[in-house]
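Comments concern the structure below.
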Amino acid sequence: MRTAYKSRAYPTPEQVAVLNRTFGCVRVVWNQTLAWRRQRWHTEQASTSVSQASAFLTGLKRAEGYAWLSEVSSVPLQQVLRTQQRAFANFFALRARYPRYKSRHGRQSAEYTRSGFRYRDGRLRLAKMETPLAFVWSWPGVDPASVDPSTVTVSRDPDGRWYVSLAVEIADPERPPATGAVVGIDLGIKDFAVTSGGLKIANPRALAARERNLARYQRRMARKVKGSNNRVKAKAKVARAHRKVRASRTDFLHRTSAGLVRDHDVIVIEDLAVKNMVRNRSLAKAISDCGWGAFRRMLEYKSARYGRHLVVVDRWFPSSKTCSGCGHLLAELSLSIRTWQCPSCGTRHDRDVNAAKNILAAGRAVTACGGDVRHSGPARVQSPVKQEPQPVKVGIPRL
Ligand SMILES: [Zn+2]
């Protein structure tokens, strides 16, 4: 299996200069190629292959005013074309948004394949650099001299920290024994997630505090005069607060997903089509902050890694409005209603636990049918509930 070791890096001033120049070139190649692709699509409805993009890059390097593209290693420039190709493949498969232009204010990175670096005895030398790049190894259980990276990514966060990530192939981990447990998960806004067993996983408080901090620093920055020194300082504080929010959220998502995968053989989630829901303004902030997309990706790869089964049920399935006891479907259930009583069988429901139970039932129905159980990734299935005569519209769900 593929994994990566990411460490803080401490480049020398000379290395910083080389890397910053490389980042600039990577960004220009990404943006110019993206613009060219868009134009090709608009004018001739033509899609672009890697080799066509590569030919475009060769032309760009020869173009007037772009000679400096040849001053940095060509490896990260070739590599960014492949990354862009993957980004488009993900977009066309509806897994990701349309690739965006890269800004010099965001995170910067450059990826080197084997021809662009040498790694020996735990020392890393990148192309166009005289000296090895210093980094602090953060895995006490792994000897850095023993790893054999296939690609190396150097990055700089907006707050100025440097990182180096070594991608390696390692032996598959041992698969944990079956637990006999299954779970349905409803991703919410009030709580981060609620399980069919009634467990409510709250959004972490530390994260909320860090988010308040971030908002405060952002307000302060907005009051500073553009171009002033104070604004630069305020901006650095915003970047640091951002990193803390990000780290805190990622840590929470990792711990939550790892626990769910460890304790269950089958995990059923709803395909929320986060990108569609984010278009609803009132919910937009809450949803993009929760990190559901990242959470789902973690569940996917961890399930595959540990031999668990992740079932993704159809996204238009009315999990909140259906009684998990008798199947009665409510016509309307506003978001503010947290508990309700089924008019048909009289059961009292917690809104989110009921939804999680329905999600589990939909997943169970699918796995019971057999045939569609795959272990090498999430099953994309239609819930049987959808076949019932009910006013289900194909399209973006109205919330
Ligand atoms: Zn009922």
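Here's how to read the names in the structure tokens: chain A, B, ... by the order shown, residue numbers from 1 in each chain, ligand numbers from 1 in the order shown.
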Name each residue within 9 Å of ligand 1, counting only C-alpha atoms and all ligand atoms, as a compact mmCIF listing (two decimals) with N, CA and C atoms, in the first residue's frame.
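File part_8.txt, as written:
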```
# COMPACT_ATOMS: atom_id res chain seq x y z
N THR A 322 -38.25 9.50 7.05
CA THR A 322 -38.87 8.17 7.07
C THR A 322 -38.77 7.59 8.48
N CYS A 323 -39.87 7.02 8.98
CA CYS A 323 -39.85 6.38 10.30
C CYS A 323 -39.05 5.08 10.19
N SER A 324 -38.02 4.92 11.03
CA SER A 324 -37.19 3.72 10.94
C SER A 324 -37.93 2.51 11.52
N GLY A 325 -39.05 2.76 12.24
CA GLY A 325 -39.81 1.65 12.80
C GLY A 325 -40.77 1.04 11.79
N CYS A 326 -41.59 1.90 11.16
CA CYS A 326 -42.65 1.35 10.30
C CYS A 326 -42.54 1.79 8.84
N GLY A 327 -41.63 2.71 8.53
CA GLY A 327 -41.46 3.12 7.13
C GLY A 327 -42.37 4.26 6.71
N HIS A 328 -43.13 4.81 7.64
CA HIS A 328 -44.00 5.94 7.31
C HIS A 328 -43.15 7.13 6.84
N LEU A 329 -43.60 7.77 5.76
CA LEU A 329 -42.84 8.90 5.22
C LEU A 329 -43.55 10.22 5.50
N GLN A 341 -42.67 12.47 16.59
CA GLN A 341 -43.36 11.22 16.87
C GLN A 341 -44.02 10.75 15.58
N CYS A 342 -43.84 9.46 15.28
CA CYS A 342 -44.40 8.92 14.04
C CYS A 342 -45.93 8.87 14.15
N PRO A 343 -46.66 9.54 13.21
CA PRO A 343 -48.12 9.53 13.27
C PRO A 343 -48.71 8.14 13.01
N SER A 344 -47.93 7.26 12.42
CA SER A 344 -48.46 5.94 12.08
C SER A 344 -48.26 4.92 13.22
N CYS A 345 -47.03 4.80 13.75
CA CYS A 345 -46.80 3.78 14.77
C CYS A 345 -46.56 4.37 16.16
N GLY A 346 -46.44 5.69 16.25
CA GLY A 346 -46.34 6.34 17.55
C GLY A 346 -44.95 6.37 18.16
N THR A 347 -43.93 5.83 17.45
CA THR A 347 -42.57 5.85 18.00
C THR A 347 -42.03 7.28 18.06
N ARG A 348 -41.35 7.60 19.17
CA ARG A 348 -40.69 8.91 19.26
C ARG A 348 -39.28 8.78 18.68
```
### Message
If I take CA of Arg249 in chain A and CA of Val164 in chain A, how far is one from the other in Å, to one decimal?
### Response
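So the answer is 21.1 Å.
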### Query
Quick one: residues within 7 Å of Trp30 in chain A, only C-alpha atoms counted, chain neighbours fewer than 3 positions away excluded, as number ranges by chain?
A: 26-27, 33-34, 80-81
May I have the residues from that selection written out with N, CA and C atoms, as a PDB file, in the first residue's frame?
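Output saved as result23.pdb:
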```pdb
ATOM      1  N   VAL A  26       5.988  26.263 -11.130  1.00  0.00           N
ATOM      2  CA  VAL A  26       4.934  25.247 -11.044  1.00  0.00           C
ATOM      3  C   VAL A  26       3.571  25.929 -11.162  1.00  0.00           C
ATOM      4  N   ARG A  27       3.434  27.055 -10.455  1.00  0.00           N
ATOM      5  CA  ARG A  27       2.164  27.781 -10.449  1.00  0.00           C
ATOM      6  C   ARG A  27       1.835  28.317 -11.839  1.00  0.00           C
ATOM      7  N   THR A  33      -1.547  26.240 -18.291  1.00  0.00           N
ATOM      8  CA  THR A  33      -2.094  25.027 -18.896  1.00  0.00           C
ATOM      9  C   THR A  33      -3.599  24.954 -18.675  1.00  0.00           C
ATOM     10  N   LEU A  34      -4.022  25.392 -17.468  1.00  0.00           N
ATOM     11  CA  LEU A  34      -5.450  25.381 -17.150  1.00  0.00           C
ATOM     12  C   LEU A  34      -6.209  26.329 -18.090  1.00  0.00           C
ATOM     13  N   VAL A  80       3.357  18.525 -12.404  1.00  0.00           N
ATOM     14  CA  VAL A  80       2.149  19.309 -12.161  1.00  0.00           C
ATOM     15  C   VAL A  80       1.138  19.096 -13.299  1.00  0.00           C
ATOM     16  N   LEU A  81       1.641  18.761 -14.487  1.00  0.00           N
ATOM     17  CA  LEU A  81       0.720  18.440 -15.588  1.00  0.00           C
ATOM     18  C   LEU A  81      -0.048  17.164 -15.274  1.00  0.00           C
TER      19      LEU A  81
END
```
### Task
For Ala368 in chain A, work out the shell of residues within 12 Å, counting only C-alpha atoms and skipping chain neighbours fewer than 6 positions away, then give it as a ChimeraX atom specification.
/A:266,311,360-362,384
Cut-off 9 Å: closest range 1-93 of chain A/range 137-142 of chain A atom pairs per residue, using only C-alpha atoms, as a Markdown table:
```
| residue | atom | partner | partner_atom | distance |
| --- | --- | --- | --- | --- |
| A:Tyr5 | CA | A:Trp139 | CA | 8.1 |
| A:Lys6 | CA | A:Ser138 | CA | 7.9 |
| A:Ser7 | CA | A:Trp137 | CA | 5.8 |
| A:Arg8 | CA | A:Trp137 | CA | 7.8 |
```
Please produce a file of the residues just selected, as an mmCIF file, in the first residue's frame, where the atoms kept are N, CA and C atoms.
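So part-v6.cif came out as:
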```
data_model
loop_
_atom_site.group_PDB
_atom_site.id
_atom_site.type_symbol
_atom_site.label_atom_id
_atom_site.label_comp_id
_atom_site.auth_asym_id
_atom_site.auth_seq_id
_atom_site.Cartn_x
_atom_site.Cartn_y
_atom_site.Cartn_z
ATOM 1 N N TYR A 5 5.333 9.850 4.407
ATOM 2 C CA TYR A 5 5.874 10.404 5.651
ATOM 3 C C TYR A 5 6.103 11.890 5.443
ATOM 4 N N LYS A 6 5.371 12.693 6.210
ATOM 5 C CA LYS A 6 5.503 14.145 6.055
ATOM 6 C C LYS A 6 6.222 14.729 7.261
ATOM 7 N N SER A 7 7.251 15.518 6.997
ATOM 8 C CA SER A 7 8.037 16.091 8.086
ATOM 9 C C SER A 7 8.227 17.587 7.869
ATOM 10 N N ARG A 8 8.496 18.301 8.969
ATOM 11 C CA ARG A 8 8.884 19.717 8.832
ATOM 12 C C ARG A 8 10.251 19.769 8.159
#
```
### Task
Could you please write out, as a PyMOL selection string, every residue of range 119-314 of chain A that DSSP assigns to strand (DSSP E)?
chain A and resi 119-120+123-126+135-136+151-156+162-169+182-187+193-195+200-201+266-270+309-313
### Task
Find the residues around range 215-226 of chain A up to 10 Å (only C-alpha atoms counted), leave out those fewer than 4 positions away in its own chain, and share them as a PyMOL selection string.
chain A and resi 209-211+230-242
Kindly save the residues from that selection, with N, CA and C atoms included, as an mmCIF file, in the first residue's frame.
```cif
data_model
loop_
_atom_site.group_PDB
_atom_site.id
_atom_site.type_symbol
_atom_site.label_atom_id
_atom_site.label_comp_id
_atom_site.auth_asym_id
_atom_site.auth_seq_id
_atom_site.Cartn_x
_atom_site.Cartn_y
_atom_site.Cartn_z
ATOM 1 N N ALA A 209 -13.137 26.708 19.568
ATOM 2 C CA ALA A 209 -12.357 27.801 20.149
ATOM 3 C C ALA A 209 -11.345 28.323 19.141
ATOM 4 N N ARG A 210 -10.709 27.393 18.417
ATOM 5 C CA ARG A 210 -9.712 27.826 17.433
ATOM 6 C C ARG A 210 -10.375 28.588 16.297
ATOM 7 N N GLU A 211 -11.605 28.169 15.950
ATOM 8 C CA GLU A 211 -12.311 28.865 14.879
ATOM 9 C C GLU A 211 -12.694 30.280 15.301
ATOM 10 N N ASN A 230 1.478 46.572 9.448
ATOM 11 C CA ASN A 230 0.576 45.952 10.415
ATOM 12 C C ASN A 230 -0.310 44.913 9.756
ATOM 13 N N ARG A 231 -0.655 45.170 8.511
ATOM 14 C CA ARG A 231 -1.486 44.209 7.797
ATOM 15 C C ARG A 231 -0.712 42.913 7.543
ATOM 16 N N VAL A 232 0.564 43.079 7.195
ATOM 17 C CA VAL A 232 1.403 41.904 6.963
ATOM 18 C C VAL A 232 1.468 41.057 8.230
ATOM 19 N N LYS A 233 1.636 41.735 9.380
ATOM 20 C CA LYS A 233 1.717 41.010 10.661
ATOM 21 C C LYS A 233 0.393 40.321 10.974
ATOM 22 N N ALA A 234 -0.702 41.060 10.745
ATOM 23 C CA ALA A 234 -2.025 40.497 11.036
ATOM 24 C C ALA A 234 -2.285 39.284 10.152
ATOM 25 N N LYS A 235 -1.788 39.374 8.908
ATOM 26 C CA LYS A 235 -1.998 38.289 7.972
ATOM 27 C C LYS A 235 -1.269 37.017 8.411
ATOM 28 N N ALA A 236 -0.063 37.207 8.958
ATOM 29 C CA ALA A 236 0.703 36.061 9.452
ATOM 30 C C ALA A 236 -0.058 35.389 10.588
ATOM 31 N N LYS A 237 -0.711 36.198 11.427
ATOM 32 C CA LYS A 237 -1.485 35.632 12.539
ATOM 33 C C LYS A 237 -2.683 34.846 12.021
ATOM 34 N N VAL A 238 -3.320 35.374 10.974
ATOM 35 C CA VAL A 238 -4.456 34.664 10.372
ATOM 36 C C VAL A 238 -3.983 33.314 9.825
ATOM 37 N N ALA A 239 -2.831 33.320 9.162
ATOM 38 C CA ALA A 239 -2.313 32.078 8.575
ATOM 39 C C ALA A 239 -2.023 31.049 9.664
ATOM 40 N N ARG A 240 -1.452 31.516 10.783
ATOM 41 C CA ARG A 240 -1.158 30.590 11.887
ATOM 42 C C ARG A 240 -2.444 30.032 12.491
ATOM 43 N N ALA A 241 -3.447 30.925 12.661
ATOM 44 C CA ALA A 241 -4.731 30.475 13.226
ATOM 45 C C ALA A 241 -5.382 29.458 12.296
ATOM 46 N N HIS A 242 -5.244 29.693 10.985
ATOM 47 C CA HIS A 242 -5.771 28.760 9.991
ATOM 48 C C HIS A 242 -5.142 27.391 10.152
#
```
### Surrounding residues of Lys200 in chain A excluding itself and chain neighbours under 5 positions, 12 Å, only C-alpha atoms, as a ChimeraX atom specification
/A:185-195,256,350-353,356
So that I have them on file, write out the residues from the current selection with C-alpha atoms, as a CSV table (one decimal), in the first residue's frame.
```csv
chain,number,residue,atom,x,y,z
A,185,ILE,CA,-23.9,7.1,10.1
A,186,ASP,CA,-25.8,10.3,9.7
A,187,LEU,CA,-23.6,13.4,9.2
A,188,GLY,CA,-25.2,16.3,10.8
A,189,ILE,CA,-24.7,20.0,11.5
A,190,LYS,CA,-25.6,20.2,15.2
A,191,ASP,CA,-23.4,17.1,16.0
A,192,PHE,CA,-20.7,16.1,13.6
A,193,ALA,CA,-22.1,12.6,13.2
A,194,VAL,CA,-24.8,10.4,14.8
A,195,THR,CA,-24.7,6.6,14.6
A,256,THR,CA,-13.3,9.5,14.5
A,350,ASP,CA,-34.5,11.6,17.7
A,351,ARG,CA,-34.2,13.2,14.2
A,352,ASP,CA,-30.5,12.2,13.6
A,353,VAL,CA,-30.6,8.7,15.2
A,356,ALA,CA,-28.8,6.9,10.9
```
### Message
Just list as JSON, numbers by chain whatever in range 30-271 of chain A DSSP marks as alpha helix (DSSP H).
### Response
{"A": [30, 31, 32, 33, 34, 35, 36, 37, 38, 39, 40, 41, 42, 43, 44, 50, 51, 52, 53, 54, 55, 56, 57, 58, 59, 60, 61, 62, 74, 75, 76, 77, 78, 79, 80, 81, 82, 83, 84, 85, 86, 87, 88, 89, 90, 91, 92, 205, 206, 207, 208, 209, 210, 211, 212, 213, 214, 215, 216, 217, 218, 219, 220, 221, 222, 223, 229, 230, 231, 232, 233, 234, 235, 236, 237, 238, 239, 240, 241, 242, 243, 244, 245, 246, 247, 248, 249, 250, 251, 252, 253, 254, 255, 256, 257, 258, 259, 260, 261, 262, 263]}
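Nearest to Ser51 in chain A of all the residues A:Gln85, A:Met129, A:Met1, A:Glu64 is A:Gln85, based on only C-alpha atoms.
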### Query
CA of Tyr10 in chain A and CA of Val75 in chain A, how far apart in Å?
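According to the coordinates, CA of Val75 in chain A and CA of Tyr10 in chain A are separated by 21.5 Å.
For the pair CA of Ser150 in chain A and CA of Val168 in chain A, the separation is 5.8 Å.
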Using only C-alpha atoms, which protein or nucleic acid residues come within 10 Å of Arg114 in chain A? Drop anything in the same chain fewer than 3 positions from it, and give the result as a PDB file with N, CA and C atoms, in the first residue's frame.
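This is the output file selection-v5.pdb:
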```
ATOM      1  N   VAL A  75      11.408  18.479 -13.650  1.00  0.00           N
ATOM      2  CA  VAL A  75      10.626  17.369 -13.078  1.00  0.00           C
ATOM      3  C   VAL A  75       9.315  17.851 -12.427  1.00  0.00           C
ATOM      4  N   PHE A 117      15.294  13.710  -7.690  1.00  0.00           N
ATOM      5  CA  PHE A 117      15.903  13.732  -6.351  1.00  0.00           C
ATOM      6  C   PHE A 117      16.761  12.495  -6.141  1.00  0.00           C
ATOM      7  N   ARG A 118      17.617  12.587  -5.116  1.00  0.00           N
ATOM      8  CA  ARG A 118      18.378  11.409  -4.690  1.00  0.00           C
ATOM      9  C   ARG A 118      18.177  11.249  -3.208  1.00  0.00           C
ATOM     10  N   TYR A 119      17.846  10.053  -2.791  1.00  0.00           N
ATOM     11  CA  TYR A 119      17.607   9.822  -1.363  1.00  0.00           C
ATOM     12  C   TYR A 119      18.468   8.650  -0.927  1.00  0.00           C
ATOM     13  N   LEU A 126      17.703  17.404  -3.695  1.00  0.00           N
ATOM     14  CA  LEU A 126      16.780  17.721  -4.781  1.00  0.00           C
ATOM     15  C   LEU A 126      17.546  18.280  -5.963  1.00  0.00           C
ATOM     16  N   PRO A 149      11.648   6.360  -1.040  1.00  0.00           N
ATOM     17  CA  PRO A 149      10.531   7.144  -1.596  1.00  0.00           C
ATOM     18  C   PRO A 149      10.466   7.083  -3.123  1.00  0.00           C
ATOM     19  N   SER A 150       9.252   7.020  -3.646  1.00  0.00           N
ATOM     20  CA  SER A 150       9.082   7.056  -5.103  1.00  0.00           C
ATOM     21  C   SER A 150       8.841   8.488  -5.578  1.00  0.00           C
ATOM     22  N   THR A 151       8.186   9.296  -4.747  1.00  0.00           N
ATOM     23  CA  THR A 151       8.102  10.731  -5.052  1.00  0.00           C
ATOM     24  C   THR A 151       8.332  11.525  -3.775  1.00  0.00           C
ATOM     25  N   VAL A 152       8.793  12.765  -3.956  1.00  0.00           N
ATOM     26  CA  VAL A 152       9.053  13.668  -2.838  1.00  0.00           C
ATOM     27  C   VAL A 152       8.329  14.968  -3.123  1.00  0.00           C
TER      28      VAL A 152
END
```
